[in-house]
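A.B. asks: Dropping in start.cif, which is mmCIF, C-alpha atoms, pLDDT in the B column; chains and numbers go by the auth columns:
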```
data_coords
#
loop_
_atom_site.group_PDB
_atom_site.id
_atom_site.type_symbol
_atom_site.label_atom_id
_atom_site.label_comp_id
_atom_site.label_asym_id
_atom_site.label_seq_id
_atom_site.Cartn_x
_atom_site.Cartn_y
_atom_site.Cartn_z
_atom_site.B_iso_or_equiv
_atom_site.auth_seq_id
_atom_site.auth_asym_id
ATOM 1 C CA ILE A 1 0.000 0.000 0.000 49.00 201 A
ATOM 2 C CA LYS A 2 1.279 3.430 -0.871 51.00 202 A
ATOM 3 C CA ARG A 3 1.580 5.897 1.967 53.00 203 A
ATOM 4 C CA THR A 4 -1.143 8.505 2.022 56.00 204 A
ATOM 5 C CA GLY A 5 0.867 10.875 4.162 56.00 205 A
ATOM 6 C CA PRO A 6 2.332 11.082 7.619 57.00 206 A
ATOM 7 C CA TYR A 7 -0.926 11.273 9.509 86.00 207 A
ATOM 8 C CA TYR A 8 -2.692 9.064 11.989 92.00 208 A
ATOM 9 C CA LEU A 9 -6.173 8.199 13.180 93.00 209 A
ATOM 10 C CA PRO A 10 -7.389 11.497 14.589 94.00 210 A
ATOM 11 C CA ASP A 11 -7.773 12.068 18.295 93.00 211 A
ATOM 12 C CA ILE A 12 -11.528 12.576 18.183 96.00 212 A
ATOM 13 C CA THR A 13 -14.536 11.026 19.859 97.00 213 A
ATOM 14 C CA LEU A 14 -17.767 10.435 17.971 98.00 214 A
ATOM 15 C CA LYS A 15 -21.068 8.994 19.157 98.00 215 A
ATOM 16 C CA THR A 16 -23.018 5.969 18.017 97.00 216 A
ATOM 17 C CA PHE A 17 -26.723 6.181 17.170 97.00 217 A
ATOM 18 C CA ASP A 18 -27.548 5.475 20.826 95.00 218 A
ATOM 19 C CA GLY A 19 -25.154 8.140 22.125 97.00 219 A
ATOM 20 C CA GLN A 20 -22.235 5.923 23.180 97.00 220 A
ATOM 21 C CA PRO A 21 -18.895 7.705 22.708 98.00 221 A
ATOM 22 C CA VAL A 22 -16.137 6.029 20.690 97.00 222 A
ATOM 23 C CA ALA A 23 -12.621 7.503 20.736 97.00 223 A
ATOM 24 C CA LEU A 24 -10.897 6.644 17.464 95.00 224 A
ATOM 25 C CA ASN A 25 -7.522 6.663 19.224 90.00 225 A
ATOM 26 C CA SER A 26 -8.766 3.806 21.410 94.00 226 A
ATOM 27 C CA LEU A 27 -8.830 1.568 18.322 95.00 227 A
ATOM 28 C CA ARG A 28 -5.050 1.701 17.883 93.00 228 A
ATOM 29 C CA GLY A 29 -3.281 -1.595 18.296 95.00 229 A
ATOM 30 C CA LYS A 30 -5.370 -3.212 15.561 95.00 230 A
ATOM 31 C CA PRO A 31 -5.876 -2.539 11.867 97.00 231 A
ATOM 32 C CA VAL A 32 -8.766 -0.077 11.495 97.00 232 A
ATOM 33 C CA LEU A 33 -11.013 0.425 8.484 98.00 233 A
ATOM 34 C CA VAL A 34 -13.025 3.664 8.505 97.00 234 A
ATOM 35 C CA VAL A 35 -15.690 4.259 5.871 98.00 235 A
ATOM 36 C CA PHE A 36 -17.550 7.555 5.497 98.00 236 A
ATOM 37 C CA TRP A 37 -20.950 6.764 4.007 98.00 237 A
ATOM 38 C CA ALA A 38 -24.471 8.053 3.410 97.00 238 A
ATOM 39 C CA SER A 39 -27.783 6.252 3.137 97.00 239 A
ATOM 40 C CA THR A 40 -28.398 8.152 -0.117 95.00 240 A
ATOM 41 C CA CYS A 41 -25.114 7.002 -1.702 97.00 241 A
ATOM 42 C CA SER A 42 -25.706 4.260 -4.276 97.00 242 A
ATOM 43 C CA THR A 43 -22.055 3.151 -4.241 97.00 243 A
ATOM 44 C CA CYS A 44 -22.167 2.909 -0.440 97.00 244 A
ATOM 45 C CA ILE A 45 -25.255 0.720 -0.615 96.00 245 A
ATOM 46 C CA ARG A 46 -23.714 -1.531 -3.296 97.00 246 A
ATOM 47 C CA GLU A 47 -20.575 -1.998 -1.163 97.00 247 A
ATOM 48 C CA LEU A 48 -22.405 -2.931 2.034 97.00 248 A
ATOM 49 C CA PRO A 49 -22.469 -6.698 1.347 97.00 249 A
ATOM 50 C CA ASN A 50 -18.675 -6.625 0.815 97.00 250 A
ATOM 51 C CA LEU A 51 -18.127 -4.570 3.970 98.00 251 A
ATOM 52 C CA ILE A 52 -20.322 -6.913 5.993 98.00 252 A
ATOM 53 C CA ALA A 53 -18.437 -9.930 4.587 97.00 253 A
ATOM 54 C CA LEU A 54 -15.109 -8.263 5.437 98.00 254 A
ATOM 55 C CA HIS A 55 -16.320 -7.677 8.982 98.00 255 A
ATOM 56 C CA GLU A 56 -17.493 -11.278 9.336 97.00 256 A
ATOM 57 C CA GLU A 57 -14.164 -12.562 8.017 97.00 257 A
ATOM 58 C CA TYR A 58 -11.775 -10.385 10.042 97.00 258 A
ATOM 59 C CA ALA A 59 -13.484 -8.819 13.072 96.00 259 A
ATOM 60 C CA GLY A 60 -12.851 -11.903 15.186 96.00 260 A
ATOM 61 C CA LYS A 61 -9.199 -11.872 14.108 96.00 261 A
ATOM 62 C CA GLY A 62 -8.576 -8.257 15.076 96.00 262 A
ATOM 63 C CA LEU A 63 -9.803 -5.878 12.353 97.00 263 A
ATOM 64 C CA GLU A 64 -11.760 -2.904 13.701 97.00 264 A
ATOM 65 C CA MET A 65 -14.341 -1.457 11.335 98.00 265 A
ATOM 66 C CA VAL A 66 -16.174 1.815 11.768 98.00 266 A
ATOM 67 C CA GLY A 67 -18.734 3.461 9.544 98.00 267 A
ATOM 68 C CA ILE A 68 -19.059 7.232 9.861 98.00 268 A
ATOM 69 C CA VAL A 69 -22.329 8.769 8.700 98.00 269 A
ATOM 70 C CA ILE A 70 -21.313 11.878 6.772 97.00 270 A
ATOM 71 C CA TYR A 71 -22.543 15.175 8.203 97.00 271 A
ATOM 72 C CA TYR A 72 -25.170 15.883 5.524 96.00 272 A
ATOM 73 C CA ASN A 73 -26.963 12.554 5.933 97.00 273 A
ATOM 74 C CA ASP A 74 -30.066 12.567 8.117 96.00 274 A
ATOM 75 C CA PRO A 75 -29.172 10.388 11.144 96.00 275 A
ATOM 76 C CA ASP A 76 -32.653 8.822 11.252 97.00 276 A
ATOM 77 C CA GLU A 77 -32.384 7.747 7.614 97.00 277 A
ATOM 78 C CA ALA A 78 -28.899 6.352 8.222 97.00 278 A
ATOM 79 C CA TYR A 79 -30.111 4.485 11.309 97.00 279 A
ATOM 80 C CA ALA A 80 -33.029 2.966 9.392 97.00 280 A
ATOM 81 C CA MET A 81 -30.715 1.768 6.629 96.00 281 A
ATOM 82 C CA ALA A 82 -28.162 0.368 9.083 97.00 282 A
ATOM 83 C CA GLN A 83 -30.931 -1.612 10.777 97.00 283 A
ATOM 84 C CA GLU A 84 -32.502 -2.748 7.504 96.00 284 A
ATOM 85 C CA ARG A 85 -29.164 -3.920 6.070 96.00 285 A
ATOM 86 C CA GLY A 86 -27.928 -5.477 9.318 97.00 286 A
ATOM 87 C CA ILE A 87 -24.651 -3.562 9.504 98.00 287 A
ATOM 88 C CA PRO A 88 -22.687 -5.403 12.218 98.00 288 A
ATOM 89 C CA TYR A 89 -19.873 -2.896 12.822 98.00 289 A
ATOM 90 C CA ARG A 90 -20.063 0.353 14.780 97.00 290 A
ATOM 91 C CA ILE A 91 -21.678 3.305 13.088 98.00 291 A
ATOM 92 C CA LEU A 92 -20.686 6.779 14.276 98.00 292 A
ATOM 93 C CA LEU A 93 -22.281 10.143 13.582 98.00 293 A
ATOM 94 C CA ASP A 94 -20.443 13.213 12.308 97.00 294 A
ATOM 95 C CA LYS A 95 -23.159 15.806 12.958 92.00 295 A
ATOM 96 C CA ASP A 96 -20.762 18.700 13.591 95.00 296 A
ATOM 97 C CA LYS A 97 -18.193 17.828 10.866 96.00 297 A
ATOM 98 C CA GLN A 98 -15.563 16.920 13.462 96.00 298 A
ATOM 99 C CA ALA A 99 -14.559 13.752 11.590 96.00 299 A
ATOM 100 C CA THR A 100 -14.868 15.456 8.209 95.00 300 A
ATOM 101 C CA HIS A 101 -12.223 17.978 9.232 95.00 301 A
ATOM 102 C CA ALA A 102 -10.053 15.547 11.207 94.00 302 A
ATOM 103 C CA PHE A 103 -9.768 13.212 8.197 94.00 303 A
ATOM 104 C CA ARG A 104 -8.706 16.140 6.000 90.00 304 A
ATOM 105 C CA ASN A 105 -11.961 17.388 4.553 91.00 305 A
ATOM 106 C CA VAL A 106 -14.052 14.398 3.565 94.00 306 A
ATOM 107 C CA HIS A 107 -17.151 15.559 1.684 92.00 307 A
ATOM 108 C CA PHE A 108 -17.935 12.644 -0.634 95.00 308 A
ATOM 109 C CA THR A 109 -19.102 9.109 0.028 97.00 309 A
ATOM 110 C CA PRO A 110 -17.814 6.563 0.178 97.00 310 A
ATOM 111 C CA THR A 111 -14.427 7.695 1.379 96.00 311 A
ATOM 112 C CA THR A 112 -12.411 4.938 3.013 96.00 312 A
ATOM 113 C CA PHE A 113 -9.344 4.923 5.241 96.00 313 A
ATOM 114 C CA LEU A 114 -7.239 1.992 6.389 96.00 314 A
ATOM 115 C CA ALA A 115 -4.996 2.533 9.394 95.00 315 A
ATOM 116 C CA ALA A 116 -2.117 0.312 10.481 95.00 316 A
ATOM 117 C CA PRO A 117 -2.120 -1.064 14.028 96.00 317 A
ATOM 118 C CA ASN A 118 0.091 1.874 15.074 94.00 318 A
ATOM 119 C CA GLY A 119 -2.671 4.231 13.895 94.00 319 A
ATOM 120 C CA ARG A 120 -0.931 5.525 10.763 93.00 320 A
ATOM 121 C CA ILE A 121 -3.337 5.908 7.867 93.00 321 A
ATOM 122 C CA VAL A 122 -1.924 4.003 4.902 92.00 322 A
ATOM 123 C CA TYR A 123 -4.866 4.012 2.490 92.00 323 A
ATOM 124 C CA ARG A 124 -7.382 6.657 1.483 92.00 324 A
ATOM 125 C CA GLN A 125 -9.846 6.030 -1.299 93.00 325 A
ATOM 126 C CA GLN A 126 -12.693 8.170 -2.485 94.00 326 A
ATOM 127 C CA GLY A 127 -15.198 6.055 -4.368 95.00 327 A
ATOM 128 C CA VAL A 128 -15.195 2.300 -4.882 95.00 328 A
ATOM 129 C CA ILE A 129 -13.183 0.418 -2.264 94.00 329 A
ATOM 130 C CA ASN A 130 -10.356 -1.902 -3.332 94.00 330 A
ATOM 131 C CA PHE A 131 -11.390 -4.856 -1.162 96.00 331 A
ATOM 132 C CA GLU A 132 -8.588 -7.070 -2.460 96.00 332 A
ATOM 133 C CA LEU A 133 -5.993 -4.552 -1.290 94.00 333 A
ATOM 134 C CA ILE A 134 -7.734 -4.137 2.096 96.00 334 A
ATOM 135 C CA ARG A 135 -7.837 -7.916 2.640 96.00 335 A
ATOM 136 C CA GLU A 136 -4.216 -8.394 1.595 96.00 336 A
ATOM 137 C CA GLN A 137 -2.889 -5.690 3.911 95.00 337 A
ATOM 138 C CA THR A 138 -5.119 -6.749 6.802 96.00 338 A
ATOM 139 C CA GLN A 139 -3.918 -10.350 6.497 95.00 339 A
ATOM 140 C CA LYS A 140 -0.273 -9.186 6.618 96.00 340 A
ATOM 141 C CA TRP A 141 -0.843 -7.147 9.764 95.00 341 A
ATOM 142 C CA LEU A 142 -2.828 -9.876 11.498 94.00 342 A
ATOM 143 C CA ALA A 143 -0.232 -12.525 10.605 93.00 343 A
ATOM 144 C CA ALA A 144 2.532 -10.329 12.065 90.00 344 A
ATOM 145 C CA SER A 145 0.726 -9.790 15.379 78.00 345 A
#
```
Translate the structure described by the file into structure tokens.
C.D. replies:
Amino acid sequence: IKRTGPYYLPDITLKTFDGQPVALNSLRGKPVLVVFWASTCSTCIRELPNLIALHEEYAGKGLEMVGIVIYYNDPDEAYAMAQERGIPYRILLDKDKQATHAFRNVHFTPTTFLAAPNGRIVYRQQGVINFELIREQTQKWLAAS
């Protein structure tokens, strides 16, 4: 994976649909996949089965996955879709654009980030996710731990 720059998972805390805080820094120590999405994004919806399969395959082995509902998406609509589609990983809300700014101005969905266990972001992709690349890198990190 090519380096995306010398930056790390941001030191921010976002809330889940039910108000539980999640500090992104607390996820360090494991590979972390962060996907900004919207319930109105057709590409996001098409990728959900692959994201769910990735979660099922690697969550028990150490991969952390987080979906961040982009600031312009109605949280109730996002919640309804997450329930309808059975999204198994944590979904966080970015109501005040905190994550948008912390991840260097994300405004389009999907935008995906993969962070190494040390927290360094090594992959940023706007648009269709390269699942093969994500799997390959995740397997390397998990095998080394």
A.B. asks: Mind running region 291-310 of chain A against region 202-226 of chain A at 12 Å and telling me each contacting residue's nearest atom pair with the distance in Å (one decimal), counting all atoms listed in the file, chain and number ascending, as a tab-separated table?
C.D. replies:
```
residue	atom	partner	partner_atom	distance
A:Ile291	CA	A:Thr216	CA	5.8
A:Leu292	CA	A:Thr216	CA	4.5
A:Leu293	CA	A:Lys215	CA	5.8
A:Asp294	CA	A:Leu214	CA	6.9
A:Lys295	CA	A:Leu214	CA	9.1
A:Asp296	CA	A:Leu214	CA	9.8
A:Lys297	CA	A:Leu214	CA	10.3
A:Gln298	CA	A:Ile212	CA	7.6
A:Ala299	CA	A:Ile212	CA	7.4
A:Thr300	CA	A:Pro210	CA	10.6
A:His301	CA	A:Pro210	CA	9.7
A:Ala302	CA	A:Pro210	CA	5.9
A:Phe303	CA	A:Pro210	CA	7.0
A:Arg304	CA	A:Tyr207	CA	9.8
```
A.B. asks: To test your reading of the syntax: which residues would the PyMOL selection byres ((chain A and resi 266) around 12) return for the file shown? Reply as a PyMOL selection string.
C.D. replies: chain A and resi 209+214-216+222-224+227+231-237+251-252+254-255+259+263-265+267-269+287-293+312-315
A.B. asks: What does the file look like for those residues with C-alpha atoms, as a compact mmCIF listing (two decimals), in the coordinates of the input?
C.D. replies:
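Everything below was put into result27.txt:
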```txt
# COMPACT_ATOMS: atom_id res chain seq x y z
CA LEU A 209 -6.17 8.20 13.18
CA LEU A 214 -17.77 10.44 17.97
CA LYS A 215 -21.07 8.99 19.16
CA THR A 216 -23.02 5.97 18.02
CA VAL A 222 -16.14 6.03 20.69
CA ALA A 223 -12.62 7.50 20.74
CA LEU A 224 -10.90 6.64 17.46
CA LEU A 227 -8.83 1.57 18.32
CA PRO A 231 -5.88 -2.54 11.87
CA VAL A 232 -8.77 -0.08 11.50
CA LEU A 233 -11.01 0.42 8.48
CA VAL A 234 -13.02 3.66 8.51
CA VAL A 235 -15.69 4.26 5.87
CA PHE A 236 -17.55 7.56 5.50
CA TRP A 237 -20.95 6.76 4.01
CA LEU A 251 -18.13 -4.57 3.97
CA ILE A 252 -20.32 -6.91 5.99
CA LEU A 254 -15.11 -8.26 5.44
CA HIS A 255 -16.32 -7.68 8.98
CA ALA A 259 -13.48 -8.82 13.07
CA LEU A 263 -9.80 -5.88 12.35
CA GLU A 264 -11.76 -2.90 13.70
CA MET A 265 -14.34 -1.46 11.34
CA GLY A 267 -18.73 3.46 9.54
CA ILE A 268 -19.06 7.23 9.86
CA VAL A 269 -22.33 8.77 8.70
CA ILE A 287 -24.65 -3.56 9.50
CA PRO A 288 -22.69 -5.40 12.22
CA TYR A 289 -19.87 -2.90 12.82
CA ARG A 290 -20.06 0.35 14.78
CA ILE A 291 -21.68 3.30 13.09
CA LEU A 292 -20.69 6.78 14.28
CA LEU A 293 -22.28 10.14 13.58
CA THR A 312 -12.41 4.94 3.01
CA PHE A 313 -9.34 4.92 5.24
CA LEU A 314 -7.24 1.99 6.39
CA ALA A 315 -5.00 2.53 9.39
```
A.B. asks: Would you mind reading off the distance between CA of Val306 (chain A) and CA of Ile270 (chain A), one decimal, in Å?
C.D. replies: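 If I compute the distance from CA of Val306 (chain A) to CA of Ile270 (chain A), I get 8.3 Å.
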A.B. asks: Write out as a tab-separated table the residues of region 300-319 of chain A that have any atom within 12 Å of an atom of region 242-250 of chain A, one row each with the nearest atom pair and its distance in Å to one decimal, counting only C-alpha atoms, sorted by chain and then rising number.
C.D. replies:
```
residue	atom	partner	partner_atom	distance
A:Phe308	CA	A:Cys244	CA	10.6
A:Thr309	CA	A:Cys244	CA	6.9
A:Pro310	CA	A:Cys244	CA	5.7
A:Thr311	CA	A:Cys244	CA	9.3
A:Thr312	CA	A:Cys244	CA	10.5
```
A.B. asks: Quote the spacing between CA of Gly327 (chain A) and CA of Trp341 (chain A) in Å to one decimal place.
C.D. replies: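 Here the two named atoms are 24.1 Å from each other.
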A.B. asks: Work out how far CA of Gly260 (chain A) is from CA of Arg285 (chain A), in Å to one decimal.
C.D. replies: 20.3 Å
A.B. asks: Return as JSON the centre and edge lengths, in Å with one decimal, of the box along x, y and z that encloses every atom of region 329-335 of chain A in the file, padded by 5 Å per side.
C.D. replies:
```
{"center_x": -9.6, "center_y": -3.7, "center_z": -0.3, "size_x": 17.2, "size_y": 18.3, "size_z": 16.0}
```
A.B. asks: Nearest to Ile334 (chain A): which of A:Asn305, A:Cys241, A:Tyr258, A:Asp274 is it, counting only C-alpha atoms?
C.D. replies: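 The closest residue to Ile334 (chain A) is A:Tyr258.
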A.B. asks: Name the residues captured by the PyMOL selection byres ((chain A and resi 239) around 7) when it is applied to the shown file; answer as JSON, numbers by chain.
C.D. replies: {"A": [237, 238, 240, 241, 273, 277, 278, 281]}
A.B. asks: Carefully work through the PyMOL selection byres ((chain A and resi 345) around 12) for this structure and note down the residues it includes, as a ChimeraX atom specification.
C.D. replies: /A:229-231,261-263,316-318,338-344
